[in-house]
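*Asks:* As input, take my_file-v8.pdb (PDB, N, CA and C atoms, pLDDT in the B column):
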```
ATOM      1  N   MET A   1      13.928-147.432 -68.403  1.00 84.00           N
ATOM      2  CA  MET A   1      13.728-146.010 -68.575  1.00 84.00           C
ATOM      3  C   MET A   1      12.713-145.518 -67.550  1.00 84.00           C
ATOM      4  N   TRP A   2      13.005-144.372 -66.946  1.00 88.00           N
ATOM      5  CA  TRP A   2      12.100-143.755 -65.992  1.00 88.00           C
ATOM      6  C   TRP A   2      10.847-143.272 -66.708  1.00 88.00           C
ATOM      7  N   LYS A   3       9.717-143.423 -66.048  1.00 88.00           N
ATOM      8  CA  LYS A   3       8.457-142.877 -66.561  1.00 88.00           C
ATOM      9  C   LYS A   3       7.724-142.239 -65.398  1.00 88.00           C
ATOM     10  N   PRO A   4       7.035-141.141 -65.660  1.00 88.00           N
ATOM     11  CA  PRO A   4       6.285-140.506 -64.569  1.00 88.00           C
ATOM     12  C   PRO A   4       5.146-141.417 -64.116  1.00 88.00           C
ATOM     13  N   GLU A   5       4.765-141.294 -62.850  1.00 89.00           N
ATOM     14  CA  GLU A   5       3.670-142.103 -62.322  1.00 89.00           C
ATOM     15  C   GLU A   5       2.368-141.821 -63.069  1.00 89.00           C
ATOM     16  N   ARG A   6       2.177-140.569 -63.423  1.00 91.00           N
ATOM     17  CA  ARG A   6       1.007-140.202 -64.231  1.00 91.00           C
ATOM     18  C   ARG A   6       1.466-139.214 -65.290  1.00 91.00           C
ATOM     19  N   SER A   7       0.713-139.124 -66.336  1.00 92.00           N
ATOM     20  CA  SER A   7       1.085-138.256 -67.456  1.00 92.00           C
ATOM     21  C   SER A   7       1.225-136.807 -67.007  1.00 92.00           C
ATOM     22  N   ILE A   8       2.168-136.118 -67.615  1.00 92.00           N
ATOM     23  CA  ILE A   8       2.370-134.699 -67.345  1.00 92.00           C
ATOM     24  C   ILE A   8       1.826-133.945 -68.552  1.00 92.00           C
ATOM     25  N   VAL A   9       0.880-133.071 -68.286  1.00 94.00           N
ATOM     26  CA  VAL A   9       0.242-132.295 -69.342  1.00 94.00           C
ATOM     27  C   VAL A   9       0.546-130.822 -69.101  1.00 94.00           C
ATOM     28  N   ILE A  10       1.105-130.177 -70.118  1.00 93.00           N
ATOM     29  CA  ILE A  10       1.406-128.747 -70.052  1.00 93.00           C
ATOM     30  C   ILE A  10       0.733-128.083 -71.241  1.00 93.00           C
ATOM     31  N   ALA A  11      -0.091-127.103 -70.960  1.00 94.00           N
ATOM     32  CA  ALA A  11      -0.811-126.343 -71.998  1.00 94.00           C
ATOM     33  C   ALA A  11      -1.558-127.280 -72.953  1.00 94.00           C
ATOM     34  N   GLY A  12      -2.127-128.341 -72.391  1.00 95.00           N
ATOM     35  CA  GLY A  12      -2.919-129.257 -73.195  1.00 95.00           C
ATOM     36  C   GLY A  12      -2.142-130.322 -73.944  1.00 95.00           C
ATOM     37  N   PHE A  13      -0.824-130.335 -73.805  1.00 95.00           N
ATOM     38  CA  PHE A  13       0.013-131.323 -74.485  1.00 95.00           C
ATOM     39  C   PHE A  13       0.599-132.289 -73.459  1.00 95.00           C
ATOM     40  N   THR A  14       0.490-133.581 -73.737  1.00 96.00           N
ATOM     41  CA  THR A  14       1.054-134.600 -72.873  1.00 96.00           C
ATOM     42  C   THR A  14       2.522-134.801 -73.229  1.00 96.00           C
ATOM     43  N   LEU A  15       3.378-134.698 -72.220  1.00 96.00           N
ATOM     44  CA  LEU A  15       4.811-134.849 -72.446  1.00 96.00           C
ATOM     45  C   LEU A  15       5.182-136.325 -72.618  1.00 96.00           C
ATOM     46  N   ASP A  16       6.105-136.590 -73.534  1.00 95.00           N
ATOM     47  CA  ASP A  16       6.687-137.921 -73.669  1.00 95.00           C
ATOM     48  C   ASP A  16       7.536-138.176 -72.428  1.00 95.00           C
ATOM     49  N   PRO A  17       7.873-139.440 -72.125  1.00 94.00           N
ATOM     50  CA  PRO A  17       8.691-139.708 -70.938  1.00 94.00           C
ATOM     51  C   PRO A  17      10.012-138.935 -70.907  1.00 94.00           C
ATOM     52  N   ASP A  18      10.676-138.778 -72.045  1.00 95.00           N
ATOM     53  CA  ASP A  18      11.938-138.030 -72.041  1.00 95.00           C
ATOM     54  C   ASP A  18      11.710-136.549 -71.757  1.00 95.00           C
ATOM     55  N   GLU A  19      10.648-135.994 -72.309  1.00 96.00           N
ATOM     56  CA  GLU A  19      10.317-134.592 -72.036  1.00 96.00           C
ATOM     57  C   GLU A  19       9.926-134.411 -70.567  1.00 96.00           C
ATOM     58  N   ALA A  20       9.191-135.389 -70.033  1.00 96.00           N
ATOM     59  CA  ALA A  20       8.779-135.336 -68.633  1.00 96.00           C
ATOM     60  C   ALA A  20       9.996-135.406 -67.714  1.00 96.00           C
ATOM     61  N   TRP A  21      10.980-136.238 -68.073  1.00 96.00           N
ATOM     62  CA  TRP A  21      12.203-136.359 -67.272  1.00 96.00           C
ATOM     63  C   TRP A  21      12.909-135.013 -67.196  1.00 96.00           C
ATOM     64  N   VAL A  22      13.083-134.373 -68.344  1.00 96.00           N
ATOM     65  CA  VAL A  22      13.758-133.069 -68.402  1.00 96.00           C
ATOM     66  C   VAL A  22      12.963-132.030 -67.607  1.00 96.00           C
ATOM     67  N   GLN A  23      11.658-132.061 -67.740  1.00 96.00           N
ATOM     68  CA  GLN A  23      10.809-131.100 -67.035  1.00 96.00           C
ATOM     69  C   GLN A  23      10.911-131.298 -65.530  1.00 96.00           C
ATOM     70  N   ARG A  24      10.833-132.541 -65.076  1.00 96.00           N
ATOM     71  CA  ARG A  24      10.907-132.830 -63.644  1.00 96.00           C
ATOM     72  C   ARG A  24      12.274-132.448 -63.059  1.00 96.00           C
ATOM     73  N   PHE A  25      13.356-132.798 -63.756  1.00 96.00           N
ATOM     74  CA  PHE A  25      14.697-132.440 -63.293  1.00 96.00           C
ATOM     75  C   PHE A  25      14.822-130.924 -63.196  1.00 96.00           C
ATOM     76  N   SER A  26      14.438-130.238 -64.258  1.00 95.00           N
ATOM     77  CA  SER A  26      14.574-128.774 -64.320  1.00 95.00           C
ATOM     78  C   SER A  26      13.748-128.089 -63.250  1.00 95.00           C
ATOM     79  N   GLN A  27      12.533-128.549 -63.078  1.00 95.00           N
ATOM     80  CA  GLN A  27      11.635-127.947 -62.093  1.00 95.00           C
ATOM     81  C   GLN A  27      12.199-128.101 -60.676  1.00 95.00           C
ATOM     82  N   GLU A  28      12.684-129.291 -60.352  1.00 96.00           N
ATOM     83  CA  GLU A  28      13.207-129.530 -59.008  1.00 96.00           C
ATOM     84  C   GLU A  28      14.504-128.761 -58.774  1.00 96.00           C
ATOM     85  N   TYR A  29      15.408-128.768 -59.751  1.00 94.00           N
ATOM     86  CA  TYR A  29      16.672-128.053 -59.575  1.00 94.00           C
ATOM     87  C   TYR A  29      16.424-126.549 -59.433  1.00 94.00           C
ATOM     88  N   SER A  30      15.490-126.033 -60.203  1.00 94.00           N
ATOM     89  CA  SER A  30      15.142-124.617 -60.104  1.00 94.00           C
ATOM     90  C   SER A  30      14.576-124.302 -58.718  1.00 94.00           C
ATOM     91  N   ARG A  31      13.737-125.188 -58.212  1.00 95.00           N
ATOM     92  CA  ARG A  31      13.169-125.001 -56.872  1.00 95.00           C
ATOM     93  C   ARG A  31      14.274-125.007 -55.814  1.00 95.00           C
ATOM     94  N   LEU A  32      15.205-125.935 -55.940  1.00 95.00           N
ATOM     95  CA  LEU A  32      16.292-126.037 -54.964  1.00 95.00           C
ATOM     96  C   LEU A  32      17.194-124.804 -54.976  1.00 95.00           C
ATOM     97  N   THR A  33      17.388-124.215 -56.131  1.00 92.00           N
ATOM     98  CA  THR A  33      18.226-123.016 -56.221  1.00 92.00           C
ATOM     99  C   THR A  33      17.413-121.746 -56.004  1.00 92.00           C
ATOM    100  N   GLN A  34      16.156-121.921 -55.630  1.00 92.00           N
ATOM    101  CA  GLN A  34      15.242-120.804 -55.383  1.00 92.00           C
ATOM    102  C   GLN A  34      15.148-119.879 -56.592  1.00 92.00           C
ATOM    103  N   ASP A  35      15.091-120.503 -57.765  1.00 85.00           N
ATOM    104  CA  ASP A  35      14.950-119.801 -59.051  1.00 85.00           C
ATOM    105  C   ASP A  35      16.099-118.838 -59.349  1.00 85.00           C
ATOM    106  N   LYS A  36      17.270-119.088 -58.764  1.00 85.00           N
ATOM    107  CA  LYS A  36      18.425-118.222 -59.009  1.00 85.00           C
ATOM    108  C   LYS A  36      19.197-118.620 -60.258  1.00 85.00           C
ATOM    109  N   GLU A  37      18.918-119.804 -60.788  1.00 84.00           N
ATOM    110  CA  GLU A  37      19.561-120.264 -62.023  1.00 84.00           C
ATOM    111  C   GLU A  37      18.578-120.117 -63.172  1.00 84.00           C
ATOM    112  N   ASP A  38      19.115-119.855 -64.339  1.00 86.00           N
ATOM    113  CA  ASP A  38      18.297-119.708 -65.532  1.00 86.00           C
ATOM    114  C   ASP A  38      17.676-121.061 -65.891  1.00 86.00           C
ATOM    115  N   LEU A  39      16.353-121.098 -65.998  1.00 88.00           N
ATOM    116  CA  LEU A  39      15.648-122.347 -66.260  1.00 88.00           C
ATOM    117  C   LEU A  39      16.047-122.966 -67.594  1.00 88.00           C
ATOM    118  N   GLU A  40      16.330-122.142 -68.580  1.00 90.00           N
ATOM    119  CA  GLU A  40      16.751-122.671 -69.883  1.00 90.00           C
ATOM    120  C   GLU A  40      18.104-123.380 -69.777  1.00 90.00           C
ATOM    121  N   ARG A  41      19.017-122.814 -69.005  1.00 90.00           N
ATOM    122  CA  ARG A  41      20.325-123.468 -68.795  1.00 90.00           C
ATOM    123  C   ARG A  41      20.158-124.784 -68.048  1.00 90.00           C
ATOM    124  N   ILE A  42      19.268-124.798 -67.062  1.00 92.00           N
ATOM    125  CA  ILE A  42      19.004-126.030 -66.325  1.00 92.00           C
ATOM    126  C   ILE A  42      18.429-127.080 -67.274  1.00 92.00           C
ATOM    127  N   ALA A  43      17.497-126.685 -68.112  1.00 92.00           N
ATOM    128  CA  ALA A  43      16.884-127.622 -69.060  1.00 92.00           C
ATOM    129  C   ALA A  43      17.919-128.160 -70.047  1.00 92.00           C
ATOM    130  N   ASP A  44      18.804-127.306 -70.525  1.00 91.00           N
ATOM    131  CA  ASP A  44      19.870-127.766 -71.437  1.00 91.00           C
ATOM    132  C   ASP A  44      20.751-128.799 -70.739  1.00 91.00           C
ATOM    133  N   TRP A  45      21.071-128.550 -69.484  1.00 91.00           N
ATOM    134  CA  TRP A  45      21.876-129.479 -68.691  1.00 91.00           C
ATOM    135  C   TRP A  45      21.128-130.802 -68.523  1.00 91.00           C
ATOM    136  N   ALA A  46      19.834-130.708 -68.233  1.00 93.00           N
ATOM    137  CA  ALA A  46      19.014-131.908 -68.052  1.00 93.00           C
ATOM    138  C   ALA A  46      18.980-132.751 -69.323  1.00 93.00           C
ATOM    139  N   ILE A  47      18.908-132.103 -70.468  1.00 93.00           N
ATOM    140  CA  ILE A  47      18.908-132.827 -71.744  1.00 93.00           C
ATOM    141  C   ILE A  47      20.208-133.607 -71.897  1.00 93.00           C
ATOM    142  N   GLU A  48      21.325-132.989 -71.547  1.00 90.00           N
ATOM    143  CA  GLU A  48      22.617-133.677 -71.619  1.00 90.00           C
ATOM    144  C   GLU A  48      22.661-134.858 -70.648  1.00 90.00           C
ATOM    145  N   LEU A  49      22.164-134.667 -69.442  1.00 91.00           N
ATOM    146  CA  LEU A  49      22.178-135.731 -68.440  1.00 91.00           C
ATOM    147  C   LEU A  49      21.267-136.892 -68.824  1.00 91.00           C
ATOM    148  N   TYR A  50      20.172-136.577 -69.485  1.00 92.00           N
ATOM    149  CA  TYR A  50      19.198-137.609 -69.827  1.00 92.00           C
ATOM    150  C   TYR A  50      19.824-138.744 -70.639  1.00 92.00           C
ATOM    151  N   ALA A  51      20.761-138.413 -71.498  1.00 89.00           N
ATOM    152  CA  ALA A  51      21.388-139.425 -72.357  1.00 89.00           C
ATOM    153  C   ALA A  51      22.007-140.563 -71.541  1.00 89.00           C
ATOM    154  N   SER A  52      22.557-140.253 -70.372  1.00 89.00           N
ATOM    155  CA  SER A  52      23.203-141.297 -69.585  1.00 89.00           C
ATOM    156  C   SER A  52      22.468-141.620 -68.286  1.00 89.00           C
ATOM    157  N   CYS A  53      21.431-140.864 -67.972  1.00 91.00           N
ATOM    158  CA  CYS A  53      20.767-141.041 -66.678  1.00 91.00           C
ATOM    159  C   CYS A  53      19.262-141.296 -66.792  1.00 91.00           C
ATOM    160  N   ALA A  54      18.799-141.727 -67.934  1.00 91.00           N
ATOM    161  CA  ALA A  54      17.366-141.895 -68.179  1.00 91.00           C
ATOM    162  C   ALA A  54      16.706-142.890 -67.227  1.00 91.00           C
ATOM    163  N   GLU A  55      17.482-143.797 -66.671  1.00 93.00           N
ATOM    164  CA  GLU A  55      16.932-144.803 -65.750  1.00 93.00           C
ATOM    165  C   GLU A  55      16.664-144.222 -64.363  1.00 93.00           C
ATOM    166  N   ASN A  56      17.342-143.131 -64.038  1.00 94.00           N
ATOM    167  CA  ASN A  56      17.249-142.555 -62.699  1.00 94.00           C
ATOM    168  C   ASN A  56      16.059-141.623 -62.559  1.00 94.00           C
ATOM    169  N   ASP A  57      15.575-141.522 -61.340  1.00 96.00           N
ATOM    170  CA  ASP A  57      14.509-140.578 -61.032  1.00 96.00           C
ATOM    171  C   ASP A  57      15.090-139.158 -61.175  1.00 96.00           C
ATOM    172  N   PRO A  58      14.492-138.322 -62.010  1.00 96.00           N
ATOM    173  CA  PRO A  58      15.057-136.989 -62.247  1.00 96.00           C
ATOM    174  C   PRO A  58      15.034-136.087 -61.019  1.00 96.00           C
ATOM    175  N   VAL A  59      14.043-136.242 -60.168  1.00 96.00           N
ATOM    176  CA  VAL A  59      13.967-135.420 -58.960  1.00 96.00           C
ATOM    177  C   VAL A  59      15.106-135.793 -58.016  1.00 96.00           C
ATOM    178  N   GLU A  60      15.322-137.082 -57.823  1.00 95.00           N
ATOM    179  CA  GLU A  60      16.413-137.527 -56.951  1.00 95.00           C
ATOM    180  C   GLU A  60      17.773-137.119 -57.515  1.00 95.00           C
ATOM    181  N   LEU A  61      17.932-137.220 -58.826  1.00 93.00           N
ATOM    182  CA  LEU A  61      19.195-136.836 -59.447  1.00 93.00           C
ATOM    183  C   LEU A  61      19.451-135.335 -59.293  1.00 93.00           C
ATOM    184  N   SER A  62      18.406-134.517 -59.437  1.00 94.00           N
ATOM    185  CA  SER A  62      18.592-133.072 -59.265  1.00 94.00           C
ATOM    186  C   SER A  62      18.959-132.749 -57.822  1.00 94.00           C
ATOM    187  N   ARG A  63      18.366-133.474 -56.885  1.00 95.00           N
ATOM    188  CA  ARG A  63      18.705-133.260 -55.475  1.00 95.00           C
ATOM    189  C   ARG A  63      20.149-133.653 -55.188  1.00 95.00           C
ATOM    190  N   GLU A  64      20.581-134.764 -55.793  1.00 92.00           N
ATOM    191  CA  GLU A  64      21.975-135.193 -55.620  1.00 92.00           C
ATOM    192  C   GLU A  64      22.932-134.143 -56.187  1.00 92.00           C
ATOM    193  N   ALA A  65      22.635-133.648 -57.371  1.00 90.00           N
ATOM    194  CA  ALA A  65      23.486-132.623 -57.991  1.00 90.00           C
ATOM    195  C   ALA A  65      23.541-131.373 -57.113  1.00 90.00           C
ATOM    196  N   PHE A  66      22.399-130.976 -56.587  1.00 92.00           N
ATOM    197  CA  PHE A  66      22.349-129.793 -55.739  1.00 92.00           C
ATOM    198  C   PHE A  66      23.141-130.011 -54.444  1.00 92.00           C
ATOM    199  N   ARG A  67      22.948-131.162 -53.806  1.00 91.00           N
ATOM    200  CA  ARG A  67      23.675-131.472 -52.560  1.00 91.00           C
ATOM    201  C   ARG A  67      25.183-131.469 -52.779  1.00 91.00           C
ATOM    202  N   ARG A  68      25.592-131.977 -53.927  1.00 87.00           N
ATOM    203  CA  ARG A  68      27.019-132.047 -54.230  1.00 87.00           C
ATOM    204  C   ARG A  68      27.578-130.720 -54.706  1.00 87.00           C
ATOM    205  N   GLY A  69      26.720-129.747 -54.957  1.00 83.00           N
ATOM    206  CA  GLY A  69      27.174-128.435 -55.405  1.00 83.00           C
ATOM    207  C   GLY A  69      27.735-128.462 -56.815  1.00 83.00           C
ATOM    208  N   VAL A  70      27.179-129.340 -57.648  1.00 75.00           N
ATOM    209  CA  VAL A  70      27.668-129.471 -59.020  1.00 75.00           C
ATOM    210  C   VAL A  70      27.175-128.281 -59.837  1.00 75.00           C
ATOM    211  N   PRO A  71      28.090-127.515 -60.437  1.00 69.00           N
ATOM    212  CA  PRO A  71      27.657-126.384 -61.261  1.00 69.00           C
ATOM    213  C   PRO A  71      26.924-126.866 -62.511  1.00 69.00           C
ATOM    214  N   ILE A  72      26.008-126.062 -62.963  1.00 67.00           N
ATOM    215  CA  ILE A  72      25.263-126.388 -64.183  1.00 67.00           C
ATOM    216  C   ILE A  72      26.234-126.552 -65.341  1.00 67.00           C
ATOM    217  N   CYS A  73      25.913-127.481 -66.201  1.00 59.00           N
ATOM    218  CA  CYS A  73      26.688-127.814 -67.408  1.00 59.00           C
ATOM    219  C   CYS A  73      27.975-128.564 -67.077  1.00 59.00           C
ATOM    220  N   THR A  74      28.109-129.038 -65.859  1.00 59.00           N
ATOM    221  CA  THR A  74      29.227-129.890 -65.488  1.00 59.00           C
ATOM    222  C   THR A  74      28.702-131.316 -65.448  1.00 59.00           C
ATOM    223  N   PRO A  75      29.388-132.238 -66.104  1.00 60.00           N
ATOM    224  CA  PRO A  75      28.890-133.625 -66.052  1.00 60.00           C
ATOM    225  C   PRO A  75      28.858-134.142 -64.615  1.00 60.00           C
ATOM    226  N   LEU A  76      27.798-134.828 -64.270  1.00 59.00           N
ATOM    227  CA  LEU A  76      27.734-135.460 -62.964  1.00 59.00           C
ATOM    228  C   LEU A  76      28.620-136.683 -63.003  1.00 59.00           C
ATOM    229  N   GLU A  77      29.551-136.759 -62.106  1.00 56.00           N
ATOM    230  CA  GLU A  77      30.441-137.921 -62.072  1.00 56.00           C
ATOM    231  C   GLU A  77      29.793-138.978 -61.202  1.00 56.00           C
ATOM    232  N   THR A  78      28.751-139.540 -61.740  1.00 51.00           N
ATOM    233  CA  THR A  78      28.017-140.576 -61.040  1.00 51.00           C
ATOM    234  C   THR A  78      27.658-141.664 -62.028  1.00 51.00           C
ATOM    235  N   ARG A  79      27.427-142.806 -61.534  1.00 50.00           N
ATOM    236  CA  ARG A  79      27.006-143.896 -62.416  1.00 50.00           C
ATOM    237  C   ARG A  79      25.494-143.912 -62.430  1.00 50.00           C
ATOM    238  N   CYS A  80      24.962-143.477 -63.507  1.00 57.00           N
ATOM    239  CA  CYS A  80      23.512-143.418 -63.637  1.00 57.00           C
ATOM    240  C   CYS A  80      22.964-144.748 -64.090  1.00 57.00           C
TER
END
```
Represent the structure from my file as structure tokens, please.
*Replies:*
Amino acid sequence: MWKPERSIVIAGFTLDPDEAWVQRFSQEYSRLTQDKEDLERIADWAIELYASCAENDPVELSREAFRRGVPICTPLETRC
């Protein structure tokens, strides 16, 4: 399972590794789309991806999805 190099703290709360994965994926994908996609939709997509891609680096996975032009809420056809 992927874990952040250091703890991620938001508003005084430390995120669990699964929450950190979703946050990192969502943040990077939003940055790549220049905030043109709804962050909540990205986060929902990240939650779905986490079930099969928890071993992968979320930032790299978001970059791969963006490069491939995968629409949000479409399963990534990759072996995670």
*Asks:* Distance CA of Trp45 in chain A-CA of Phe66 in chain A, one decimal place?
*Replies:*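 Calculated distance between CA of Trp45 in chain A and CA of Phe66 in chain A is 13.0 Å.
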*Asks:* Using all atoms listed in the file, can you tell me which of A:Glu40, A:Trp21, A:Gly12, A:Ser7 comes closest to Asp57 in chain A?
*Replies:*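 Selected residue with least distance to Asp57 in chain A: A:Trp21.
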*Asks:* On this file, the PyMOL selection byres (((chain A and resi 42 and name CA) around 9) and name CA) gives some set of residues; write that set as a PDB file with N, CA and C atoms, keeping the file's coordinate frame.
*Replies:*
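Produced file out-v5.pdb, reproduced below:
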```
ATOM      1  N   PHE A  25      13.356-132.798 -63.756  1.00 96.00           N
ATOM      2  CA  PHE A  25      14.697-132.440 -63.293  1.00 96.00           C
ATOM      3  C   PHE A  25      14.822-130.924 -63.196  1.00 96.00           C
ATOM      4  N   SER A  26      14.438-130.238 -64.258  1.00 95.00           N
ATOM      5  CA  SER A  26      14.574-128.774 -64.320  1.00 95.00           C
ATOM      6  C   SER A  26      13.748-128.089 -63.250  1.00 95.00           C
ATOM      7  N   GLN A  27      12.533-128.549 -63.078  1.00 95.00           N
ATOM      8  CA  GLN A  27      11.635-127.947 -62.093  1.00 95.00           C
ATOM      9  C   GLN A  27      12.199-128.101 -60.676  1.00 95.00           C
ATOM     10  N   TYR A  29      15.408-128.768 -59.751  1.00 94.00           N
ATOM     11  CA  TYR A  29      16.672-128.053 -59.575  1.00 94.00           C
ATOM     12  C   TYR A  29      16.424-126.549 -59.433  1.00 94.00           C
ATOM     13  N   SER A  30      15.490-126.033 -60.203  1.00 94.00           N
ATOM     14  CA  SER A  30      15.142-124.617 -60.104  1.00 94.00           C
ATOM     15  C   SER A  30      14.576-124.302 -58.718  1.00 94.00           C
ATOM     16  N   GLU A  37      18.918-119.804 -60.788  1.00 84.00           N
ATOM     17  CA  GLU A  37      19.561-120.264 -62.023  1.00 84.00           C
ATOM     18  C   GLU A  37      18.578-120.117 -63.172  1.00 84.00           C
ATOM     19  N   ASP A  38      19.115-119.855 -64.339  1.00 86.00           N
ATOM     20  CA  ASP A  38      18.297-119.708 -65.532  1.00 86.00           C
ATOM     21  C   ASP A  38      17.676-121.061 -65.891  1.00 86.00           C
ATOM     22  N   LEU A  39      16.353-121.098 -65.998  1.00 88.00           N
ATOM     23  CA  LEU A  39      15.648-122.347 -66.260  1.00 88.00           C
ATOM     24  C   LEU A  39      16.047-122.966 -67.594  1.00 88.00           C
ATOM     25  N   GLU A  40      16.330-122.142 -68.580  1.00 90.00           N
ATOM     26  CA  GLU A  40      16.751-122.671 -69.883  1.00 90.00           C
ATOM     27  C   GLU A  40      18.104-123.380 -69.777  1.00 90.00           C
ATOM     28  N   ARG A  41      19.017-122.814 -69.005  1.00 90.00           N
ATOM     29  CA  ARG A  41      20.325-123.468 -68.795  1.00 90.00           C
ATOM     30  C   ARG A  41      20.158-124.784 -68.048  1.00 90.00           C
ATOM     31  N   ALA A  43      17.497-126.685 -68.112  1.00 92.00           N
ATOM     32  CA  ALA A  43      16.884-127.622 -69.060  1.00 92.00           C
ATOM     33  C   ALA A  43      17.919-128.160 -70.047  1.00 92.00           C
ATOM     34  N   ASP A  44      18.804-127.306 -70.525  1.00 91.00           N
ATOM     35  CA  ASP A  44      19.870-127.766 -71.437  1.00 91.00           C
ATOM     36  C   ASP A  44      20.751-128.799 -70.739  1.00 91.00           C
ATOM     37  N   TRP A  45      21.071-128.550 -69.484  1.00 91.00           N
ATOM     38  CA  TRP A  45      21.876-129.479 -68.691  1.00 91.00           C
ATOM     39  C   TRP A  45      21.128-130.802 -68.523  1.00 91.00           C
ATOM     40  N   ALA A  46      19.834-130.708 -68.233  1.00 93.00           N
ATOM     41  CA  ALA A  46      19.014-131.908 -68.052  1.00 93.00           C
ATOM     42  C   ALA A  46      18.980-132.751 -69.323  1.00 93.00           C
ATOM     43  N   ILE A  47      18.908-132.103 -70.468  1.00 93.00           N
ATOM     44  CA  ILE A  47      18.908-132.827 -71.744  1.00 93.00           C
ATOM     45  C   ILE A  47      20.208-133.607 -71.897  1.00 93.00           C
ATOM     46  N   ILE A  72      26.008-126.062 -62.963  1.00 67.00           N
ATOM     47  CA  ILE A  72      25.263-126.388 -64.183  1.00 67.00           C
ATOM     48  C   ILE A  72      26.234-126.552 -65.341  1.00 67.00           C
ATOM     49  N   CYS A  73      25.913-127.481 -66.201  1.00 59.00           N
ATOM     50  CA  CYS A  73      26.688-127.814 -67.408  1.00 59.00           C
ATOM     51  C   CYS A  73      27.975-128.564 -67.077  1.00 59.00           C
TER      52      CYS A  73
END
```
*Asks:* Per DSSP on the backbone, what are the helix (DSSP H, G or I) residues of chain A, as an NGL selection string?
*Replies:* :A and (17-32 or 39-53 or 58-68)
*Asks:* Would you kindly translate the PyMOL selection byres (((chain A and resi 56 and name CA) around 10) and name CA) into the concrete residues it picks from this file, as a count of residues only?
*Replies:* 16
*Asks:* Quick check for you: according to DSSP on this backbone, which residues of chain A are classed as strand (DSSP E or B)? Reply as a ChimeraX atom specification.
*Replies:* /A:9-10,13-14
*Asks:* Using only C-alpha atoms and a cutoff of 10 Å, can you tell me which residues are near (9.2, -136.9, -70.6) in the file's coordinates, and write them out as an MDAnalysis selection string?
*Replies:* chainID A and resid 2:4 7:8 14:24 54
*Asks:* Kindly give the distance, in Å, that separates CA of Ile10 in chain A and CA of Leu49 in chain A, rounded to a single decimal.
*Replies:* 22.0 Å
*Asks:* When you draw a straight line from atom N of Asp35 in chain A to CA of Arg68 in chain A, how long is it in Å?
*Replies:*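 A separation of 17.0 Å between them.
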*Asks:* Between A:Ala11, A:Leu32, A:Glu5, A:Glu48, which one has atoms that come closest to Ser62 in chain A, using all atoms listed in the file?
*Replies:* A:Leu32
